[in-house]
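A quick write-up on the structure given underneath.
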Amino acid sequence: MEQTLQQAASINKVLAKRPLIISGPCSAETEEQILATASQLAATGKVDILRAGIWKPRTRPGSFEGVGTKGLPWLQKAKELTGLPVAVEVATGKQVEDALHFGVDVLWIGARTTVNPFSVQDVADALKGVDVPVLIKNPINPDLELWIGAAERVAKAGIKNIGLIHRGFSSYGNTEYRNAPMWHLAIEMKRRFPEMIMINDPSHICGRRDILQEVAQKAIDLDFDGLIIESHIDPDNAWSDAKQQITPEVLGSMMDTMIWRKEDIISEELHIQMDKMRAQINQLDDELLQLLGQRMKVADKIGQYKKDNNITILQTNRWNAILERAFVKGGQLGLSQEFITKYFDAVHMESINHQNKIMNS
């Protein structure tokens with residue numbers, strides 16, 4: 001038990017490092033591949049935890065689904081060789097037991113598991129009585145409640161050290177990314193659970209190497225606690241997710257060129273200037289809310305007029321005209337069409353809700 005407590009204290013110390021960098025191949029393929037990749041990653045001096053996929057849930061049968069339990073001793077050897085702790089994804093109670101039996105230091109629950117409460121509960125049940133850090137990836141679909149529910153189930157199992165991994169979400173019509181970042185959802189989780197570390201997974205968000213650093217930098221700029229990046233000694237010939245993996249050498253160079261920002265700095269002058277600008281923001285926000293309240297009062301009057309004259313609430317031509325006018329004016333003010341659309345959609349729905357109450361009162 002004493003050794004277990006020492007191991008727990010050691011890995012918790014590693015997880016407290018900022019920025020925390022986790023890296024390794026998408027899949028463990030052979031012992032030689034794991035040991036070579038681990039050695040090269042350790043040599044960069046940039047990696048804190050080694051990762052490798054042992055069990056790989058795939059969308060369709062017939063794809064490479066991981067080497068299974070036989071790959072766990074390879075990770076043991078990589079840990080002994082480099083002195084770095086190791087992490088793997090688990091999706092069942094049996095996988096939890098096997099991973100812990102072979103000394104895996106950190107477990108993570110993947111996006112395909114997080115989306116299924118039954119699977120999360122199976123993992124949570126296997127974690128009872130164990131002191132091991134668990135990282136939880138966001139569910140495939142953009143549903144905060146599933147993400148929160150997974151964290152709650154793991155916490156109820158007695159796990160104290162729980163972290164979150166933002167790997168993006170499936171999105172219809174999304175073409176730029178493999179998984180749309182939907183940064184606002186990760187930021188909301190970070191706001192609700194500030195005590196949990198938040199790791200960004202640019203590999204799964206991007207699905208390709210050319211925009212990897214751009215997404216990783218944005219995560220760091222948003223004060224994420226670290227990154228989990230897939231690295232392989234021969235990415236082009238990887239057995240899974242070849243396009244999104246980079247070599248250990250490229251990873252080292254990427255870490256050197258990242259701009260590591262701080263959430264705060266000890267400077268009285270800086271804080272004075274920031275407080276002034278934040279006061280301006282607060283004042284402008286108050287004025288915006290006052291204007292929105294006035295706008296809704298006008299919407300209420302329109303709703304009453306529509307009710308009195310049997311006119312439908314939604315009038316598509318009018319809505320299109322509002323958007324077109326907003327795009328022109330917003331563009332002149334340096335606002336993007338994406339922002340204008342989201343903002344006016346929210347305002348429009350609130351206006352419809354107001355009018356609907358009047359229509360049915």
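Letters A, B, ... go to the chains of the structure tokens in the order shown; residues in each chain start at 1; ligands are counted from 1 in the same order.
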Quick one: residues within 9 Å of region 210-227 of chain A, only C-alpha atoms counted, chain neighbours fewer than 5 positions away excluded, as a list in words?
-> Lys17, Arg18, Pro19, Leu20, Ile21, Ile22, Ser23, Ile165, Pro181, Trp183, Ile187, Lys190, Ile197, Met198, Ile199, Asn200, Asp201, Pro202, Ser203, Ile205, Gln244, Met254, Met255, Met258, Ile259, Trp260, Arg261, Lys262 and Glu263 of chain A
Save the residues we just selected, N, CA, C and O atoms, as an mmCIF file, in the first residue's frame?
```cif
data_model
loop_
_atom_site.group_PDB
_atom_site.id
_atom_site.type_symbol
_atom_site.label_atom_id
_atom_site.label_comp_id
_atom_site.auth_asym_id
_atom_site.auth_seq_id
_atom_site.Cartn_x
_atom_site.Cartn_y
_atom_site.Cartn_z
ATOM 1 N N LYS A 17 1.916 19.716 -13.305
ATOM 2 C CA LYS A 17 2.818 20.522 -14.129
ATOM 3 C C LYS A 17 2.032 21.325 -15.169
ATOM 4 O O LYS A 17 1.043 20.851 -15.713
ATOM 5 N N ARG A 18 2.481 22.552 -15.457
ATOM 6 C CA ARG A 18 1.856 23.370 -16.491
ATOM 7 C C ARG A 18 2.923 23.960 -17.404
ATOM 8 O O ARG A 18 3.882 24.556 -16.898
ATOM 9 N N PRO A 19 2.825 23.816 -18.707
ATOM 10 C CA PRO A 19 1.802 23.011 -19.382
ATOM 11 C C PRO A 19 2.124 21.521 -19.283
ATOM 12 O O PRO A 19 3.296 21.131 -19.262
ATOM 13 N N LEU A 20 1.085 20.713 -19.244
ATOM 14 C CA LEU A 20 1.238 19.261 -19.195
ATOM 15 C C LEU A 20 1.186 18.725 -20.626
ATOM 16 O O LEU A 20 0.229 18.989 -21.349
ATOM 17 N N ILE A 21 2.216 17.990 -21.018
ATOM 18 C CA ILE A 21 2.279 17.462 -22.388
ATOM 19 C C ILE A 21 2.227 15.931 -22.349
ATOM 20 O O ILE A 21 3.078 15.278 -21.746
ATOM 21 N N ILE A 22 1.213 15.384 -23.004
ATOM 22 C CA ILE A 22 1.038 13.935 -23.131
ATOM 23 C C ILE A 22 1.205 13.586 -24.607
ATOM 24 O O ILE A 22 0.600 14.231 -25.463
ATOM 25 N N SER A 23 2.003 12.583 -24.902
ATOM 26 C CA SER A 23 2.219 12.251 -26.311
ATOM 27 C C SER A 23 2.589 10.780 -26.485
ATOM 28 O O SER A 23 3.066 10.123 -25.555
ATOM 29 N N ILE A 165 -10.581 16.146 -21.136
ATOM 30 C CA ILE A 165 -9.881 16.280 -22.419
ATOM 31 C C ILE A 165 -10.874 16.787 -23.461
ATOM 32 O O ILE A 165 -11.910 16.165 -23.695
ATOM 33 N N PRO A 181 -14.091 22.114 -33.012
ATOM 34 C CA PRO A 181 -13.649 22.425 -31.640
ATOM 35 C C PRO A 181 -14.788 22.855 -30.708
ATOM 36 O O PRO A 181 -14.820 22.447 -29.543
ATOM 37 N N TRP A 183 -15.257 25.583 -29.115
ATOM 38 C CA TRP A 183 -14.488 26.043 -27.960
ATOM 39 C C TRP A 183 -15.388 26.470 -26.801
ATOM 40 O O TRP A 183 -15.029 26.290 -25.631
ATOM 41 N N ILE A 187 -14.898 25.750 -22.780
ATOM 42 C CA ILE A 187 -14.757 26.888 -21.874
ATOM 43 C C ILE A 187 -15.825 26.835 -20.783
ATOM 44 O O ILE A 187 -15.558 27.127 -19.612
ATOM 45 N N LYS A 190 -14.826 24.273 -18.290
ATOM 46 C CA LYS A 190 -13.732 24.842 -17.484
ATOM 47 C C LYS A 190 -14.283 25.819 -16.451
ATOM 48 O O LYS A 190 -13.806 25.876 -15.315
ATOM 49 N N ILE A 197 -8.290 19.705 -14.298
ATOM 50 C CA ILE A 197 -7.415 20.136 -15.393
ATOM 51 C C ILE A 197 -8.156 19.953 -16.721
ATOM 52 O O ILE A 197 -8.980 19.051 -16.869
ATOM 53 N N MET A 198 -7.874 20.827 -17.661
ATOM 54 C CA MET A 198 -8.478 20.754 -18.991
ATOM 55 C C MET A 198 -7.364 20.627 -20.023
ATOM 56 O O MET A 198 -6.550 21.539 -20.201
ATOM 57 N N ILE A 199 -7.309 19.476 -20.679
ATOM 58 C CA ILE A 199 -6.301 19.178 -21.689
ATOM 59 C C ILE A 199 -6.935 19.269 -23.072
ATOM 60 O O ILE A 199 -8.055 18.812 -23.279
ATOM 61 N N ASN A 200 -6.216 19.855 -24.007
ATOM 62 C CA ASN A 200 -6.711 19.927 -25.386
ATOM 63 C C ASN A 200 -6.073 18.827 -26.227
ATOM 64 O O ASN A 200 -4.884 18.523 -26.087
ATOM 65 N N ASP A 201 -6.879 18.235 -27.110
ATOM 66 C CA ASP A 201 -6.415 17.171 -28.010
ATOM 67 C C ASP A 201 -6.498 17.687 -29.447
ATOM 68 O O ASP A 201 -7.472 17.424 -30.155
ATOM 69 N N PRO A 202 -5.478 18.445 -29.897
ATOM 70 C CA PRO A 202 -5.533 18.994 -31.253
ATOM 71 C C PRO A 202 -5.454 17.929 -32.340
ATOM 72 O O PRO A 202 -5.920 18.159 -33.461
ATOM 73 N N SER A 203 -4.902 16.766 -32.023
ATOM 74 C CA SER A 203 -4.790 15.697 -33.025
ATOM 75 C C SER A 203 -6.170 15.286 -33.519
ATOM 76 O O SER A 203 -6.407 15.177 -34.730
ATOM 77 N N ILE A 205 -9.031 16.949 -33.023
ATOM 78 C CA ILE A 205 -9.772 18.094 -33.552
ATOM 79 C C ILE A 205 -9.392 18.313 -35.012
ATOM 80 O O ILE A 205 -10.262 18.466 -35.872
ATOM 81 N N GLN A 244 -2.952 12.461 -38.804
ATOM 82 C CA GLN A 244 -2.922 13.428 -37.705
ATOM 83 C C GLN A 244 -1.729 13.252 -36.771
ATOM 84 O O GLN A 244 -1.557 14.013 -35.824
ATOM 85 N N MET A 254 7.748 21.767 -32.478
ATOM 86 C CA MET A 254 6.460 22.432 -32.277
ATOM 87 C C MET A 254 6.381 23.029 -30.870
ATOM 88 O O MET A 254 5.943 24.169 -30.681
ATOM 89 N N MET A 255 6.819 22.270 -29.871
ATOM 90 C CA MET A 255 6.779 22.772 -28.493
ATOM 91 C C MET A 255 7.707 23.975 -28.316
ATOM 92 O O MET A 255 7.408 24.899 -27.567
ATOM 93 N N MET A 258 5.911 27.123 -29.779
ATOM 94 C CA MET A 258 4.660 27.550 -29.150
ATOM 95 C C MET A 258 4.922 28.768 -28.260
ATOM 96 O O MET A 258 6.001 28.923 -27.691
ATOM 97 N N ILE A 259 3.941 29.626 -28.151
ATOM 98 C CA ILE A 259 4.020 30.772 -27.239
ATOM 99 C C ILE A 259 3.235 30.402 -25.989
ATOM 100 O O ILE A 259 2.011 30.245 -26.030
ATOM 101 N N TRP A 260 3.938 30.222 -24.895
ATOM 102 C CA TRP A 260 3.297 29.790 -23.651
ATOM 103 C C TRP A 260 2.908 31.010 -22.833
ATOM 104 O O TRP A 260 3.755 31.696 -22.290
ATOM 105 N N ARG A 261 1.639 31.276 -22.768
ATOM 106 C CA ARG A 261 1.135 32.456 -22.074
ATOM 107 C C ARG A 261 0.724 32.116 -20.641
ATOM 108 O O ARG A 261 0.484 30.960 -20.312
ATOM 109 N N LYS A 262 0.631 33.146 -19.814
ATOM 110 C CA LYS A 262 0.229 32.990 -18.426
ATOM 111 C C LYS A 262 -1.157 33.590 -18.221
ATOM 112 O O LYS A 262 -1.532 34.549 -18.904
ATOM 113 N N GLU A 263 -1.891 33.017 -17.258
ATOM 114 C CA GLU A 263 -3.216 33.562 -16.962
ATOM 115 C C GLU A 263 -3.102 34.915 -16.285
ATOM 116 O O GLU A 263 -3.941 35.788 -16.464
#
```
Contact residues around Trp55 (chain A) with only C-alpha atoms at 8 Å, ignoring same-chain residues under 5 positions, as a list in words = Glu65, Gly66, Val67, Gly68, Thr69, Glu89 and Val90 of chain A
As a list in words, list the residues of region 46-117 of chain A assigned to strand (DSSP E or B) by DSSP on the backbone atoms of this structure.
-> Ile49, Leu50, Arg51, Gly53, Val86, Ala87, Val88, Glu89, Val90, Val106, Leu107, Trp108 and Ile109 of chain A
Write out as a ChimeraX atom specification the residues lying within 10 Å of Val130 (chain A), counting only C-alpha atoms and excluding same-chain residues fewer than 3 positions away.
-> /A:4,100,126-127,133,157-160
Kindly export the residues of the current selection with N, CA and C atoms, as a compact mmCIF listing (two decimals), in the first residue's frame.
```
# COMPACT_ATOMS: atom_id res chain seq x y z
N THR A 4 2.01 2.06 -3.40
CA THR A 4 0.90 2.58 -4.17
C THR A 4 0.68 4.05 -3.87
N LEU A 100 -4.48 -1.53 -15.01
CA LEU A 100 -3.92 -1.34 -13.67
C LEU A 100 -2.99 -2.50 -13.30
N ALA A 126 -15.42 -0.46 -11.94
CA ALA A 126 -14.10 -1.12 -11.86
C ALA A 126 -13.07 -0.24 -11.16
N LEU A 127 -13.36 1.05 -11.06
CA LEU A 127 -12.42 1.99 -10.44
C LEU A 127 -12.59 2.11 -8.93
N PRO A 133 -5.46 8.54 -11.44
CA PRO A 133 -6.05 9.68 -12.15
C PRO A 133 -6.83 9.22 -13.37
N ALA A 157 -17.28 6.99 -7.83
CA ALA A 157 -16.51 5.76 -7.63
C ALA A 157 -15.35 5.97 -6.66
N GLY A 158 -15.14 7.23 -6.25
CA GLY A 158 -14.09 7.53 -5.29
C GLY A 158 -12.81 8.08 -5.89
N ILE A 159 -12.82 8.33 -7.21
CA ILE A 159 -11.63 8.88 -7.86
C ILE A 159 -11.52 10.36 -7.51
N LYS A 160 -10.36 10.76 -6.99
CA LYS A 160 -10.16 12.14 -6.56
C LYS A 160 -9.57 13.02 -7.67
```
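Relative to CA of Ala28 (chain A), CA of Ser63 (chain A) is found at 14.4 Å.
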Which neighbours of Asp308 (chain A) fall inside 12 Å, counting only C-alpha atoms, when residues of the same chain fewer than 6 positions from it are skipped, and could you give them as JSON, numbers by chain?
-> {"A": [301, 302, 358, 359, 360, 361]}
Using the chain letters and numbers from this document, which residues of region 40-96 of chain A does DSSP assign to helix (DSSP H, G or I), as an NGL selection string?
-> :A and (40-44 or 68-82 or 93-96)
With N, CA, C and O atoms retained, export the selected residues as a short mmCIF file (atom, residue, chain, number, x, y, z; two decimals), in the first residue's frame.
```cif
data_model
loop_
_atom_site.label_atom_id
_atom_site.label_comp_id
_atom_site.auth_asym_id
_atom_site.auth_seq_id
_atom_site.Cartn_x
_atom_site.Cartn_y
_atom_site.Cartn_z
N GLN A 40 12.39 8.38 -28.29
CA GLN A 40 12.54 9.65 -29.01
C GLN A 40 11.73 10.77 -28.37
O GLN A 40 12.17 11.92 -28.31
N LEU A 41 10.56 10.44 -27.86
CA LEU A 41 9.75 11.46 -27.18
C LEU A 41 10.43 11.91 -25.89
O LEU A 41 10.47 13.10 -25.58
N ALA A 42 10.96 10.95 -25.14
CA ALA A 42 11.65 11.29 -23.89
C ALA A 42 12.87 12.17 -24.17
O ALA A 42 13.19 13.08 -23.41
N ALA A 43 13.55 11.90 -25.29
CA ALA A 43 14.76 12.64 -25.65
C ALA A 43 14.47 14.12 -25.95
O ALA A 43 15.36 14.96 -25.84
N THR A 44 13.23 14.43 -26.33
CA THR A 44 12.89 15.84 -26.60
C THR A 44 12.89 16.66 -25.32
O THR A 44 13.07 17.88 -25.36
N GLY A 68 -4.60 -4.98 -28.19
CA GLY A 68 -5.19 -5.55 -26.98
C GLY A 68 -4.18 -5.67 -25.85
O GLY A 68 -3.10 -5.07 -25.86
N THR A 69 -4.54 -6.50 -24.88
CA THR A 69 -3.79 -6.61 -23.64
C THR A 69 -2.31 -6.94 -23.85
O THR A 69 -1.46 -6.54 -23.04
N LYS A 70 -1.97 -7.63 -24.93
CA LYS A 70 -0.56 -8.01 -25.13
C LYS A 70 0.34 -6.79 -25.30
O LYS A 70 1.58 -6.90 -25.16
N GLY A 71 -0.25 -5.63 -25.59
CA GLY A 71 0.56 -4.42 -25.75
C GLY A 71 0.90 -3.75 -24.43
O GLY A 71 1.79 -2.89 -24.37
N LEU A 72 0.23 -4.11 -23.34
CA LEU A 72 0.47 -3.46 -22.05
C LEU A 72 1.88 -3.70 -21.51
O LEU A 72 2.50 -2.77 -20.97
N PRO A 73 2.45 -4.91 -21.65
CA PRO A 73 3.85 -5.09 -21.22
C PRO A 73 4.81 -4.18 -21.99
O PRO A 73 5.87 -3.82 -21.46
N TRP A 74 4.48 -3.85 -23.24
CA TRP A 74 5.34 -2.93 -24.01
C TRP A 74 5.38 -1.57 -23.34
O TRP A 74 6.43 -0.92 -23.29
N LEU A 75 4.22 -1.14 -22.83
CA LEU A 75 4.16 0.15 -22.15
C LEU A 75 4.94 0.08 -20.84
O LEU A 75 5.58 1.07 -20.43
N GLN A 76 4.89 -1.05 -20.17
CA GLN A 76 5.69 -1.24 -18.95
C GLN A 76 7.17 -1.03 -19.26
O GLN A 76 7.89 -0.33 -18.53
N LYS A 77 7.61 -1.63 -20.36
CA LYS A 77 9.03 -1.50 -20.75
C LYS A 77 9.36 -0.05 -21.13
O LYS A 77 10.43 0.46 -20.81
N ALA A 78 8.42 0.62 -21.81
CA ALA A 78 8.64 2.01 -22.20
C ALA A 78 8.77 2.89 -20.95
O ALA A 78 9.59 3.82 -20.90
N LYS A 79 7.96 2.59 -19.96
CA LYS A 79 8.01 3.32 -18.69
C LYS A 79 9.35 3.11 -18.00
O LYS A 79 9.97 4.07 -17.51
N GLU A 80 9.83 1.87 -17.97
CA GLU A 80 11.12 1.55 -17.35
C GLU A 80 12.26 2.20 -18.13
O GLU A 80 13.23 2.70 -17.54
N LEU A 81 12.14 2.22 -19.46
CA LEU A 81 13.19 2.75 -20.32
C LEU A 81 13.34 4.27 -20.18
O LEU A 81 14.45 4.80 -20.15
N THR A 82 12.20 4.96 -20.09
CA THR A 82 12.22 6.43 -20.11
C THR A 82 12.03 7.09 -18.75
O THR A 82 12.38 8.26 -18.57
N GLY A 93 -14.82 -2.40 -17.85
CA GLY A 93 -14.25 -2.73 -16.55
C GLY A 93 -13.05 -3.64 -16.68
O GLY A 93 -12.06 -3.49 -15.95
N LYS A 94 -13.13 -4.60 -17.58
CA LYS A 94 -12.01 -5.55 -17.79
C LYS A 94 -10.76 -4.81 -18.26
O LYS A 94 -9.64 -5.13 -17.83
N GLN A 95 -10.92 -3.83 -19.13
CA GLN A 95 -9.78 -3.05 -19.60
C GLN A 95 -9.15 -2.25 -18.47
O GLN A 95 -7.92 -2.12 -18.40
N VAL A 96 -9.98 -1.74 -17.58
CA VAL A 96 -9.46 -1.03 -16.40
C VAL A 96 -8.59 -1.98 -15.58
O VAL A 96 -7.46 -1.65 -15.19
#
```
Contacts of region 287-293 of chain A within 9 Å, only C-alpha atoms, excl. fewer than 5 positions in-chain, as a VMD selection string | chain A and resid 282 298 347
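Those residues that approach Glu230 (chain A) to within 7 Å, counting only C-alpha atoms, are Ser23, Gly24, Pro25, Cys26, Ser203, Gln245 and Ile246 of chain A; same-chain residues fewer than 3 positions away are not listed.
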Within 9 Å of Gly303 (chain A) using only C-alpha atoms, minus same-chain residues under 6 positions, as number ranges by chain = A: 311, 313, 351-352, 354-359
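CA of Asn116 (chain A) is positioned 8.7 Å from CA of Ala150 (chain A).
For the pair CA of Glu31 (chain A) and CA of Glu97 (chain A), the interatomic distance is 21.2 Å.
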